[in-house]
file query_27.txt (compact mmCIF, C-alpha atoms)
# COMPACT_ATOMS: atom_id res chain seq x y z
CA MET A 11 113.74 100.86 74.23
CA THR A 12 116.33 98.14 74.80
CA VAL A 13 116.07 98.03 78.58
CA GLY A 14 115.46 94.47 79.71
CA LEU A 15 112.65 93.21 81.88
CA ASN A 16 115.00 92.72 84.83
CA ALA A 17 115.84 96.42 85.05
CA ILE A 18 112.17 97.39 85.33
CA ILE A 19 111.43 94.66 87.86
CA LEU A 20 114.48 95.87 89.79
CA VAL A 21 113.02 99.38 89.96
CA SER A 22 109.69 97.93 91.00
CA GLY A 23 111.27 95.79 93.71
CA LEU A 24 113.28 98.71 95.07
CA LEU A 25 110.12 100.86 95.18
CA PHE A 26 108.41 98.06 97.11
CA ALA A 27 111.36 97.86 99.54
CA ILE A 28 111.27 101.63 100.09
CA GLY A 29 107.55 101.42 100.80
CA MET A 30 108.18 98.65 103.31
CA LEU A 31 110.87 100.75 104.98
CA GLY A 32 108.37 103.57 105.34
CA VAL A 33 105.76 101.29 106.87
CA LEU A 34 108.25 99.94 109.41
CA LEU A 35 110.03 103.19 110.21
CA ARG A 36 107.47 105.96 110.50
CA LYS A 37 105.18 106.92 113.36
CA ASN A 38 102.66 109.01 111.47
CA THR A 39 99.72 106.90 110.30
CA LEU A 40 99.24 109.10 107.23
CA VAL A 41 102.84 108.55 106.10
CA ILE A 42 102.48 104.81 106.72
CA TYR A 43 99.39 104.88 104.54
CA MET A 44 101.28 106.74 101.78
CA SER A 45 104.00 104.09 101.95
CA LEU A 46 101.33 101.41 101.48
CA GLU A 47 100.20 103.26 98.35
CA LEU A 48 103.82 103.27 97.18
CA MET A 49 104.00 99.47 97.55
CA LEU A 50 100.77 99.12 95.56
CA ASN A 51 102.27 101.37 92.90
CA ALA A 52 105.40 99.20 92.72
CA VAL A 53 103.23 96.18 92.01
CA ASN A 54 101.46 98.19 89.27
CA LEU A 55 104.82 98.89 87.65
CA ALA A 56 105.75 95.20 87.73
CA LEU A 57 102.40 94.21 86.21
CA VAL A 58 102.71 96.72 83.36
CA ALA A 59 106.25 95.50 82.63
CA PHE A 60 105.16 91.85 82.58
CA SER A 61 102.22 92.72 80.37
CA ARG A 62 104.41 94.63 77.92
CA TYR A 63 107.09 91.94 77.72
CA ASN A 64 104.56 89.14 77.47
CA GLY A 65 102.68 90.88 74.68
CA THR A 66 99.24 90.50 76.28
CA MET A 67 96.79 93.07 77.58
CA ASP A 68 95.78 91.33 80.82
CA GLY A 69 98.42 92.91 83.06
CA ASN A 70 97.30 96.36 81.97
CA LEU A 71 93.72 95.47 82.83
CA PHE A 72 94.83 94.27 86.27
CA VAL A 73 96.54 97.61 86.84
CA PHE A 74 93.35 99.39 85.82
CA PHE A 75 91.40 97.44 88.46
CA ILE A 76 94.13 97.93 91.07
CA ILE A 77 94.04 101.71 90.57
CA THR A 78 90.25 101.69 90.99
CA VAL A 79 90.42 99.60 94.15
CA ALA A 80 93.26 101.75 95.52
CA ALA A 81 91.21 104.92 95.05
CA ALA A 82 88.29 103.37 96.97
CA GLU A 83 90.69 102.07 99.62
CA VAL A 84 92.27 105.50 100.13
CA ALA A 85 88.85 107.10 100.64
CA VAL A 86 87.81 104.54 103.26
CA GLY A 87 91.21 104.48 104.98
CA LEU A 88 91.44 108.25 105.31
CA ALA A 89 87.89 108.35 106.70
CA ILE A 90 88.96 105.78 109.31
CA ILE A 91 92.06 107.86 110.17
CA VAL A 92 89.91 110.99 110.58
CA ALA A 93 87.49 109.07 112.83
CA LEU A 94 90.49 107.80 114.83
CA TYR A 95 91.82 111.34 115.22
CA ARG A 96 88.46 112.59 116.43
CA LYS A 97 88.40 109.84 119.05
CA ARG A 98 92.04 109.88 120.26
CA GLN A 99 93.40 113.33 119.18
CA SER A 100 96.49 111.66 117.69
CA VAL A 101 97.51 109.74 114.60
CA MET A 102 100.92 108.61 115.86
CA VAL A 103 101.03 104.83 116.05
CA ASP A 104 102.88 104.72 119.37
CA ASN A 105 99.98 106.59 120.99
CA LEU A 106 97.52 104.06 119.61
CA ASN A 107 98.60 101.06 121.67
CA ALA A 108 95.44 100.34 123.67
CA MET A 109 95.49 96.66 122.69
CA SER A 110 99.09 96.03 123.80
CA ARG A 111 98.67 97.20 127.37
CA MET B 19 117.75 107.76 73.89
CA LEU B 20 114.76 105.96 75.40
CA ASP B 21 117.09 103.94 77.60
CA VAL B 22 118.58 107.12 79.05
CA LEU B 23 115.06 108.42 79.67
CA PHE B 24 114.18 105.19 81.47
CA TYR B 25 117.20 105.48 83.77
CA ILE B 26 116.44 109.15 84.48
CA PHE B 27 112.80 108.49 85.33
CA ALA B 28 113.66 105.41 87.39
CA ALA B 29 116.14 107.50 89.40
CA ILE B 30 113.56 110.27 89.90
CA THR B 31 110.96 107.73 91.04
CA LEU B 32 113.25 105.97 93.50
CA ILE B 33 114.87 109.09 94.95
CA SER B 34 111.59 110.91 95.51
CA ALA B 35 110.10 107.76 97.07
CA LEU B 36 113.05 107.62 99.47
CA LEU B 37 112.65 111.34 100.23
CA MET B 38 108.97 110.71 100.99
CA VAL B 39 109.85 107.99 103.48
CA LEU B 40 112.60 110.04 105.16
CA SER B 41 111.18 113.56 105.20
CA PRO B 42 110.07 114.68 108.68
CA ASN B 43 107.27 116.87 107.39
CA ALA B 44 104.25 114.97 106.08
CA VAL B 45 103.33 117.69 103.57
CA ASN B 46 106.80 117.58 101.97
CA GLY B 47 106.44 113.80 101.91
CA ALA B 48 103.17 114.06 100.02
CA ILE B 49 104.72 116.37 97.42
CA CYS B 50 107.64 113.93 96.95
CA MET B 51 105.06 111.16 96.58
CA ILE B 52 103.40 113.07 93.72
CA VAL B 53 106.80 113.35 91.98
CA SER B 54 107.28 109.61 92.45
CA PHE B 55 103.88 108.85 90.91
CA VAL B 56 104.62 111.11 87.94
CA GLY B 57 107.93 109.27 87.46
CA THR B 58 106.07 105.97 87.47
CA ALA B 59 103.65 107.37 84.88
CA ALA B 60 106.64 108.31 82.70
CA ILE B 61 107.92 104.72 82.93
CA PHE B 62 104.41 103.59 81.89
CA VAL B 63 104.74 105.82 78.82
CA LEU B 64 108.12 104.23 78.03
CA LEU B 65 106.44 100.81 78.32
CA GLU B 66 103.83 102.06 75.83
CA ALA B 67 100.93 101.86 78.31
CA TYR B 68 99.71 105.36 77.47
CA PHE B 69 96.20 104.98 78.83
CA LEU B 70 97.49 103.76 82.19
CA ALA B 71 99.96 106.64 82.34
CA VAL B 72 97.11 109.12 81.98
CA ILE B 73 95.01 107.22 84.54
CA GLN B 74 97.98 107.13 86.91
CA ILE B 75 98.40 110.91 86.76
CA LEU B 76 94.67 111.64 87.00
CA VAL B 77 93.80 109.20 89.79
CA TYR B 78 97.00 108.77 91.81
CA ALA B 79 98.90 112.03 91.40
CA GLY B 80 95.64 113.97 91.14
CA ALA B 81 92.77 112.64 93.20
CA VAL B 82 94.47 110.37 95.74
CA MET B 83 97.32 112.69 96.65
CA VAL B 84 95.04 115.73 96.84
CA LEU B 85 92.90 113.76 99.28
CA PHE B 86 96.04 112.88 101.26
CA LEU B 87 97.21 116.50 101.35
CA PHE B 88 93.74 117.62 102.38
CA ILE B 89 93.65 115.17 105.31
CA ILE B 90 97.24 115.97 106.35
CA MET B 91 96.46 119.69 106.46
CA LEU B 92 93.06 119.09 108.10
CA LEU B 93 94.50 117.06 110.94
CA ASP B 94 97.67 119.22 111.11
CA VAL B 95 99.70 116.64 113.01
CA ASP B 96 103.11 118.18 113.19
CA ASN B 97 105.47 116.15 115.30
CA GLU B 98 104.95 117.53 118.74
CA ASP B 99 107.92 115.76 120.38
CA ASN B 100 110.19 116.23 117.33
CA THR B 101 110.60 112.54 116.57
CA TYR B 102 109.08 111.12 113.45
CA LEU B 103 110.81 107.75 113.59
CA LYS B 104 110.13 104.95 116.02
CA ASP B 105 112.51 103.91 118.82
CA LYS B 106 116.08 102.70 118.24
CA MET B 107 115.26 98.98 118.27
CA THR B 108 112.63 99.32 115.54
CA LEU B 109 114.92 101.66 113.59
CA VAL B 110 117.77 99.14 113.51
CA ALA B 111 115.45 96.23 112.76
CA SER B 112 113.70 98.00 109.89
CA ILE B 113 116.95 99.19 108.33
CA VAL B 114 118.42 95.68 108.52
CA GLY B 115 115.25 94.25 106.99
CA PHE B 116 115.28 96.88 104.25
CA SER B 117 118.94 96.16 103.44
CA LEU B 118 118.31 92.41 103.26
CA LEU B 119 115.34 92.97 100.93
CA VAL B 120 117.41 95.29 98.72
CA VAL B 121 120.25 92.74 98.55
CA LEU B 122 117.75 90.03 97.60
CA ILE B 123 116.13 92.13 94.88
CA VAL B 124 119.41 93.38 93.43
CA SER B 125 120.98 89.92 93.37
CA ALA B 126 117.86 88.44 91.76
CA PHE B 127 117.48 91.04 89.03
CA ALA B 128 120.83 92.79 88.50
CA GLY B 129 123.65 90.63 89.79
CA ALA B 130 126.11 88.43 87.90
CA ASN B 131 123.71 85.49 87.81
CA HIS B 132 120.36 87.25 87.51
CA LEU B 133 117.15 85.65 86.34
CA PRO B 134 116.77 85.01 82.60
CA GLU B 135 114.84 87.67 80.73
CA THR B 136 112.99 88.03 77.46
CA ALA B 137 113.52 90.70 74.86
CA LEU B 138 111.00 93.49 74.36
CA LEU B 139 108.44 92.53 71.72
CA PRO B 140 107.44 95.09 69.14
CA VAL B 141 103.83 96.11 69.67
CA ASP B 142 102.55 94.65 66.38
CA ALA B 143 104.44 91.37 66.70
CA ASN B 144 101.26 89.48 67.45
CA PRO B 145 98.55 91.24 65.45
CA SER B 146 95.98 88.48 65.39
CA GLY B 147 96.31 87.79 69.11
CA GLU B 148 97.26 84.15 68.73
CA GLY B 149 97.81 82.29 71.94
CA VAL B 150 96.62 83.30 75.39
CA GLY B 151 94.93 86.53 76.28
CA MET B 152 94.38 89.76 74.43
CA PRO B 153 97.31 91.06 72.33
CA PHE B 154 99.13 94.07 73.66
CA THR B 155 98.07 97.29 71.97
CA THR B 156 98.57 100.92 72.84
CA SER B 157 95.03 102.07 72.13
CA ALA B 158 92.46 102.84 74.80
CA LYS B 159 89.95 100.96 72.68
CA SER B 160 91.41 97.62 73.70
CA PHE B 161 90.76 98.55 77.34
CA GLY B 162 87.10 99.10 76.58
CA TYR B 163 86.88 95.92 74.56
CA SER B 164 88.50 93.83 77.31
CA LEU B 165 86.44 95.44 80.06
CA PHE B 166 83.17 94.59 78.37
CA THR B 167 84.05 91.09 77.20
CA LYS B 168 86.60 89.10 79.19
CA TYR B 169 86.53 91.24 82.35
CA MET B 170 82.81 91.96 82.51
CA LEU B 171 82.27 90.41 85.94
CA PRO B 172 85.29 92.09 87.61
CA PHE B 173 84.16 95.38 86.07
CA GLN B 174 80.71 95.07 87.63
CA VAL B 175 82.18 93.94 90.96
CA THR B 176 84.50 96.98 90.94
CA GLY B 177 81.53 99.27 90.38
CA PHE B 178 79.78 97.64 93.32
CA LEU B 179 82.96 98.03 95.40
CA LEU B 180 83.00 101.77 94.66
CA LEU B 181 79.40 102.01 95.86
CA ALA B 182 80.27 100.06 99.01
CA ALA B 183 83.28 102.31 99.65
CA MET B 184 81.14 105.43 99.25
CA ILE B 185 78.55 104.16 101.73
CA GLY B 186 81.33 103.05 104.07
CA VAL B 187 82.97 106.47 104.05
CA ILE B 188 79.64 108.16 104.80
CA VAL B 189 78.95 105.79 107.70
CA VAL B 190 82.48 106.07 109.16
CA SER B 191 82.74 109.85 108.94
CA LYS B 192 79.25 110.57 110.28
CA LYS B 193 79.16 111.99 113.78
CA HIS B 194 77.90 109.41 116.23
CA GLN B 195 74.86 110.51 118.20
CA GLU B 196 73.27 108.44 120.89
CA VAL B 197 70.35 106.41 119.62
CA GLU B 198 67.34 107.04 121.84
CA LYS B 199 64.64 104.50 122.12

call {"tool": "encode", "arguments": {"input": "query_27.txt", "output": "structure tokens"}}
result
Amino acid sequence: MTVGLNAIILVSGLLFAIGMLGVLLRKNTLVIYMSLELMLNAVNLALVAFSRYNGTMDGNLFVFFIITVAAAEVAVGLAIIVALYRKRQSVMVDNLNAMSR
Amino acid sequence: MLDVLFYIFAAITLISALLMVLSPNAVNGAICMIVSFVGTAAIFVLLEAYFLAVIQILVYAGAVMVLFLFIIMLLDVDNEDNTYLKDKMTLVASIVGFSLLVVLIVSAFAGANHLPETALLPVDANPSGEGVGMPFTTSAKSFGYSLFTKYMLPFQVTGFLLLAAMIGVIVVSKKHQEVEK
């Protein structure tokens, strides 16, 4: 493959920007959470590219740990969202504004 | 040939990510997200990180997204008032912020005066692992070797984190009953 490092980092940065757009734009907490996962995934892509172009294994190991932590984080976060839904009967962020009133 | 594959998979990843952000239905969004993760896994394969590509498909596209789909269908929160975006002010602000970020990224990595870049090393360019860190290999064996030598402490801490997450999920999702004393 003759694609340079910049092209891969560009894809990674654009994925991160799309994830940020989702976090800012959407009302549904579940979709916001999926966008956060997308941002994490963009960072994974950047780390793998750096690791490959640097010729060391450490970036790949970081990605391994990030995937593990992300799986744990998703389990806890979705449990929190379910608990929130049981309490408030809604997961839309503009209905969850008790602290701004 | 591989370059063309990279551009195809990068386009698939980006377009399905954008579809996930913009699709009104959360279930469709989750399916687009799975496509995006598979595209990322394909880019991992092109970067010769085969083990991570498999892990990405198993954990992200498999376990995590199935959990997401399960919760989305369990809660069944279809947009009752037919708006899935926030109000106009937030809409404009987030689109302007997104455009600025995209301009920044594109000018830093693809413009006329982009950042300097290094060429792709062949995998066996550094067989003895001279210099810093472990040499890049494609075998899963090097993952095991690194995990049990250099990254022993993070490995143990991650195992403990998984235990903590499991206990946390059980505590959070348990029904609260009044404690009587």

call {"tool": "closest_residue", "arguments": {"input": "query_27.txt", "among": "A:Asn16, A:Ser22, A:Gln99, A:Asn105", "to": "chain B", "atoms": "only C-alpha atoms"}}
result
A:Asn16

call {"tool": "atom_distance", "arguments": {"input": "query_27.txt", "atom1": "CA of Arg96 in chain A", "atom2": "CA of Lys192 in chain B"}}
result
11.3 Å

call {"tool": "closest_residue", "arguments": {"input": "query_27.txt", "among": "A:Ile19, A:Ile77, A:Ala108, A:Val84", "to": "Tyr63 in chain A", "atoms": "all atoms listed in the file"}}
result
A:Ile19

call {"tool": "residues_near_point", "arguments": {"input": "query_27.txt", "point": "(98.1, 94.1, 72.2)", "cutoff": "7 Å", "atoms": "all atoms listed in the file", "output": "compact mmCIF listing (two decimals) with C-alpha atoms, in the frame of the given file"}}
result
# COMPACT_ATOMS: atom_id res chain seq x y z
CA GLY A 65 102.68 90.88 74.68
CA THR A 66 99.24 90.50 76.28
CA MET A 67 96.79 93.07 77.58
CA VAL B 141 103.83 96.11 69.67
CA MET B 152 94.38 89.76 74.43
CA PRO B 153 97.31 91.06 72.33
CA PHE B 154 99.13 94.07 73.66
CA THR B 155 98.07 97.29 71.97
CA THR B 156 98.57 100.92 72.84

call {"tool": "interface_residues", "arguments": {"input": "query_27.txt", "of": "chain B", "to": "chain A", "cutoff": "7 Å", "atoms": "all atoms listed in the file", "output": "NGL selection string"}}
result
:B and (20-21 or 28 or 32 or 35-36 or 39 or 44 or 65 or 82 or 102-104 or 109 or 112 or 116 or 119-120 or 123-124 or 127-128 or 135-139 or 151-154 or 161 or 180 or 183 or 186-187 or 190-191)

call {"tool": "axis_aligned_box", "arguments": {"input": "query_27.txt", "around": "range 91-97 of chain A", "padding_each_side": "6 Å", "output": "JSON"}}
result
{"center_x": 89.8, "center_y": 110.2, "center_z": 114.6, "size_x": 16.6, "size_y": 16.8, "size_z": 20.9}

call {"tool": "closest_residue", "arguments": {"input": "query_27.txt", "among": "B:Leu171, B:Ala59, B:Leu40, B:Ala158", "to": "Tyr78 in chain B", "atoms": "only C-alpha atoms"}}
result
B:Ala59

call {"tool": "atom_distance", "arguments": {"input": "query_27.txt", "atom1": "CA of Val45 in chain B", "atom2": "CA of Val72 in chain B"}}
result
24.0 Å

call {"tool": "atom_distance", "arguments": {"input": "query_27.txt", "atom1": "CA of Phe24 in chain B", "atom2": "CA of Gly80 in chain B"}}
result
22.7 Å
